[in-house]
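Remarks on the structure that follows.
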Amino acid sequence: MFSWLRQKKKIKKALQNQSLQQALANASSHHFQKFVATTKEINWSEYKKRAKAIKKECLRKLPQLIQQFSRQAQQSGAKVYQVSTGSQALSLIEKILLQKNAKLIVKSKSMVTEEINLRGYLQQKGFQVVETDLGEWIIQLAGDRPSHLTAPAIHKRKEEIASLLSHHLHQKIPADPQLIVKAVRQEMRKFFIEADVGISGANLAVAESGTLVIISNEGNARLVTSLPPVHIALITVEKFVETLEQAASLIKALTVASSGLKLTSYVSFITGPSRTTDIEKELIIGAHGPQEVHIIILDNGRLKINQDKDLQQILSCLKCGGCMLICPVFQAVGGHIFGGPVYPGGIGVLLTAITKSPQEARRLFDFCSDCRKCEEFCPVSIPTSQLILKLKSSKGPNMIEKSLSSFFSRKELSKVLTRLFYFMQKPWEENGYLKNLPFPLSSHKLMPALKLKNHRLSKNQQGEKIYLFEGCLTRFFFPEIRESVRRSLSHFGYRVISPPEQSCCGAPSFHLGDIKATKRLARINIESWQKENPAYIITVCPTGNSMLTKIYPQLYPEFSSWAEKTFDFSQFVCQKAHLLQTKAKALKPNSNLFYHYPCHYINSLHLKEEPLKVLKAIGFFPQVEEEPLTCCGFSGVFSWKQPEISARLWQKKKDKIIKYNPSFIATDCPGCLFQLRTGLHEANSPIKIYHTAELLAEALNKDKRSDD
Ligand code: SF4
Ligand code: SF4
C-alpha cells in the first residue's frame, strides 16, 4: 500500500515537472523528425526484416557463436573470460585493475556496466572512474541514474546541465549546447591521456573474427578503447553475431532506430590489441593503441531466457532506445518512473525481469498501456507489451485484479451487476452522461450512461451469415454501433446475427493477468461460433479483433481457423462489401471530419487505409493526424490503473484535435469512442464523435430505411 502511494506521488511529481516534460517532448520530437527523414530514403521495413531474422538466427546458435568468438579473439591476442554473474564480473575487473596498478579509469557509456554498478563498485574500492560520454558524465556529476538507453541525461534540460557543469568546472557555462560541449571537451582531454585503463561495452561481437563492434557519435568510445594501454570490454551473451555482414546489417538498423541517422560518426571494429609488423615483419603487440585487451562475457540470466521461445525475443534488443522516444507513457513520465533500476521503458521492464528478478519487474507491469507503438517502431519488432503480459499472466492476478476480472468473465455476475448499475445510475444521469459519480471509473469526472438495449436479428434472411462480435463497450454503452453494423451489412446483402450468448472478448482479464478467465471467455465465444457456424465474424473493436485473431489461436490452436474468418468492420466493408459501388452519401459529406486512429488498429491489426476508404466513399475528406499519431489514453484497464497518466495522454490528444478544429470525429474503436466522447463532452466541445460504422449506416439508410 505504501509503495503504491509512493509510486502515485512520483507519477504526479513527474507529470507536474515542466522541465522534465519539456525535455522529453524536445527529445522525442527531434528524434522522430530525423527518423522520418531518414526512413524516406531507405527501405526501413527491409532493414527491420533482415535485422529480426539475423537476431533470431544468432540467438539459435548462441553457445557455439560464443565459443567461436572466444577462440578467434584469443588467437588475435585478446584475453577472454566468461562469467555468470555481475559480482563475478566485478571481482574480475578489479583483479585486472590491481594487476595493472591502475588508478585512473576512463569509461565509455555501457548499460551492462550500469547493470552491475561497475562505477560505484570501483569508486568504492578507491579507483578514480570518469564517464566520458557527455550524457553519462552529466549523470555521474549529478549523482543521478540514466533515464534512457542511449541518451542517459534525456530528462535534463540545457539550463540544468549548464548550471551543473558551471558548479563542477568552477566557471560560468552558458545554457548553450555548443558551449557546453566545448567546455566538456576541454575538461575531458586530460582524462583520456592520463588514464591507465579504458573500460567499454560493445554493441556487437562477431564470432567469425573475434571482433568487438562499438558504435558512437561523440568519439569518446574510440579514445577510451585506443589511448589507455589496457582496454577492458564487458559484453553480454546476446550480442554475438556470426559474420561481419550480419554485423553491418544490425549496425544500420540500430543506428537509424537510435538516432535517425544512416550511420553514426564512428563505428569501431576492434580485433585484439594494437600491433605492428613494420620492422622486418616481426609482430609487436602494443603500437599506438592498447597493449592488452580483456573481453569479459557476462550472462546474468540471459542464457536461461534464451531457452524460452517467447521471452527469448527480449535478447534481440539492440539497445537502440528508439522505442522509448515513441512510447506515450515514457514521454509522459520519463524513464525514472517507467522503467527498472537500470533499464528504462517497456523493454526495461523485461530486462529488469531477466537481470534482476520478475518480482522487481512486477510493480512496473501496469505502466505499459499495450498501445504497441514500440513493437511497430522496433528495428527487430520485439512485442514488448505482449511479453510484459506474458510475465504478468505467469505471476497471476492479485486479489483486486481477480475481482475485477470476475466482473468481465462471470457472465451471470456481470449481467446482474450491469442491470443493477443501469437502474441505479439515474440520479447521476444528465444528457446521456453520468456526472459526479462517487467512485471514479476512468480518468474523467464523467462517463457515458449505460444503455441496455435488446439484441435484434437481421430481417434479411438471405445472404451469407455474419456473426457480429460486439464486445462489452458496444453492448453496454454504444448499442448504436451494433445497429449501424447490422444496417450496413444487411444493405450489402448479408444476414447479420448477434447472439446474446457471446461474451466479453477477454481483453480486460488478459490485461489483468488472469489467463484462466481469458481462456474461459474464449471458450464461450468459440462454442457460440461453432453453434452458429457463420461465414464471417465481424468485430468493431481492434482490441477485440486482436484477441480473437491472435490470442484465441494461442489458447485453442484447434479452433484457429475462426481467426481467418474474422474481420474488422471497415476492413470487411472494403474487401467484401462492394463498398466502392455505393452511391450513398452521408448527411453532411463535406463537413470537416477528423479521423482518429486507434493504436491497436495500426499497431496490432496493421490496418490504415480501410476506414478512410469507407469515409471517402460516402463523401467525406477525412483529415488524419500528422505523425507521430497520439494515443487517446483509454487503453482499457490501463486508464483505470493509471488514471493520471491516462489523463495526460488525453490532454495531449485533445490539444492536437482542437488544432484541427473538426466538426466530426470518426474512429473504429468503442474504447477510443468512450474516451473521445467523454473527454470532449467534459470540455463542453460541440464536436460529434462516431464509429465509422455509424456514419456508413447513416449514409446507406438516408433514403431507404429498409431493414427496420
Ligand atoms: S506498448 Fe505502448 S506503453 Fe507499452 S512499452 Fe510499448 S509504446 Fe510504451
Ligand atoms: S526494444 Fe527494440 S526499439 Fe527498444 S531498445 Fe530494444 S531494439 Fe531498440
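Chain labels run A, B, ... following the order of the C-alpha cells; each chain numbers its residues from 1, and ligands are numbered from 1 in the order shown.
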Item to check | Shell of 7 Å around range 171-186 of chain A, only C-alpha atoms, local chain residues under 3 positions omitted, as a ChimeraX atom specification | outcome: /A:158-159,162,165-166,189
Checklist entry - Residues at most 9 Å from ligand 1, using only C-alpha atoms and all ligand atoms? Could they come as a VMD selection string? => result chain A and resid 323 to 331 338 345 to 349 367 to 377 383 to 386 388 599 631
Checklist entry - With distances taken over only C-alpha atoms and all ligand atoms, which of A:Gln99, A:Asn220, A:Asn43, A:Thr255 is nearest to ligand 2? => result A:Thr255
Item to check | Neighbourhood of ligand 2 at 7 Å, counting only C-alpha atoms and all ligand atoms, reported as a count of residues only | outcome: 20
Checklist entry - Could you name the residues that touch Ile297 in chain A at 8 Å or less, counting only C-alpha atoms, but leaving out those on the same chain fewer than 6 positions away, as JSON, numbers by chain? => result {"A": [80, 81, 82, 83, 234, 235, 236, 237]}
Item to check | 8 Å contact set for Arg648 in chain A, only C-alpha atoms, chain neighbours under 5 positions out, as a PyMOL selection string | outcome: chain A and resi 15+332+633
Store the residues of this selection in a file with all heavy atoms, as a CSV table (one decimal), in the first residue's frame.
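Result written to selection-v1.csv:
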```
chain,number,residue,atom,x,y,z
A,15,LEU,N,4.6,14.3,-13.7
A,15,LEU,CA,3.7,15.0,-14.6
A,15,LEU,C,3.7,16.5,-14.4
A,15,LEU,O,3.4,17.2,-15.3
A,15,LEU,CB,2.3,14.4,-14.4
A,15,LEU,CG,2.1,12.9,-14.9
A,15,LEU,CD1,0.8,12.4,-14.4
A,15,LEU,CD2,2.2,12.8,-16.4
A,332,ALA,N,5.4,10.7,-21.1
A,332,ALA,CA,4.6,11.4,-20.1
A,332,ALA,C,5.4,11.4,-18.8
A,332,ALA,O,5.3,12.5,-18.1
A,332,ALA,CB,3.3,10.7,-19.9
A,633,GLY,N,-5.3,7.6,-24.8
A,633,GLY,CA,-5.2,7.4,-23.4
A,633,GLY,C,-6.2,6.5,-22.7
A,633,GLY,O,-6.2,6.2,-21.6
```
Given only C-alpha atoms, how would the per-residue table for range 449-508 of chain A near range 532-545 of chain A read, listing every residue at most 7 Å away with its closest atom pair and distance in Å to one decimal, sorted by chain and number, as CSV?
```
residue,atom,partner,partner_atom,distance
A:Glu464,CA,A:Ala535,CA,6.1
A:Lys465,CA,A:Pro534,CA,5.0
A:Ile466,CA,A:Tyr536,CA,5.0
A:Tyr467,CA,A:Ile537,CA,4.7
A:Leu468,CA,A:Ile538,CA,4.9
A:Phe469,CA,A:Thr539,CA,5.2
A:Glu470,CA,A:Thr539,CA,6.4
A:Gly471,CA,A:Gly544,CA,6.7
A:Cys505,CA,A:Gly544,CA,5.7
A:Ala507,CA,A:Gly544,CA,6.9
```
Checklist entry - What does the distance between CA of Ser546 in chain A and CA of Cys632 in chain A come to in Å, to one decimal place? => result 18.5 Å
Checklist entry - Looking at A:Ser509, A:Asn300, A:Ser503, A:Ser409, which one is nearest to Gly396 in chain A, with distances taken over only C-alpha atoms? => result A:Ser509
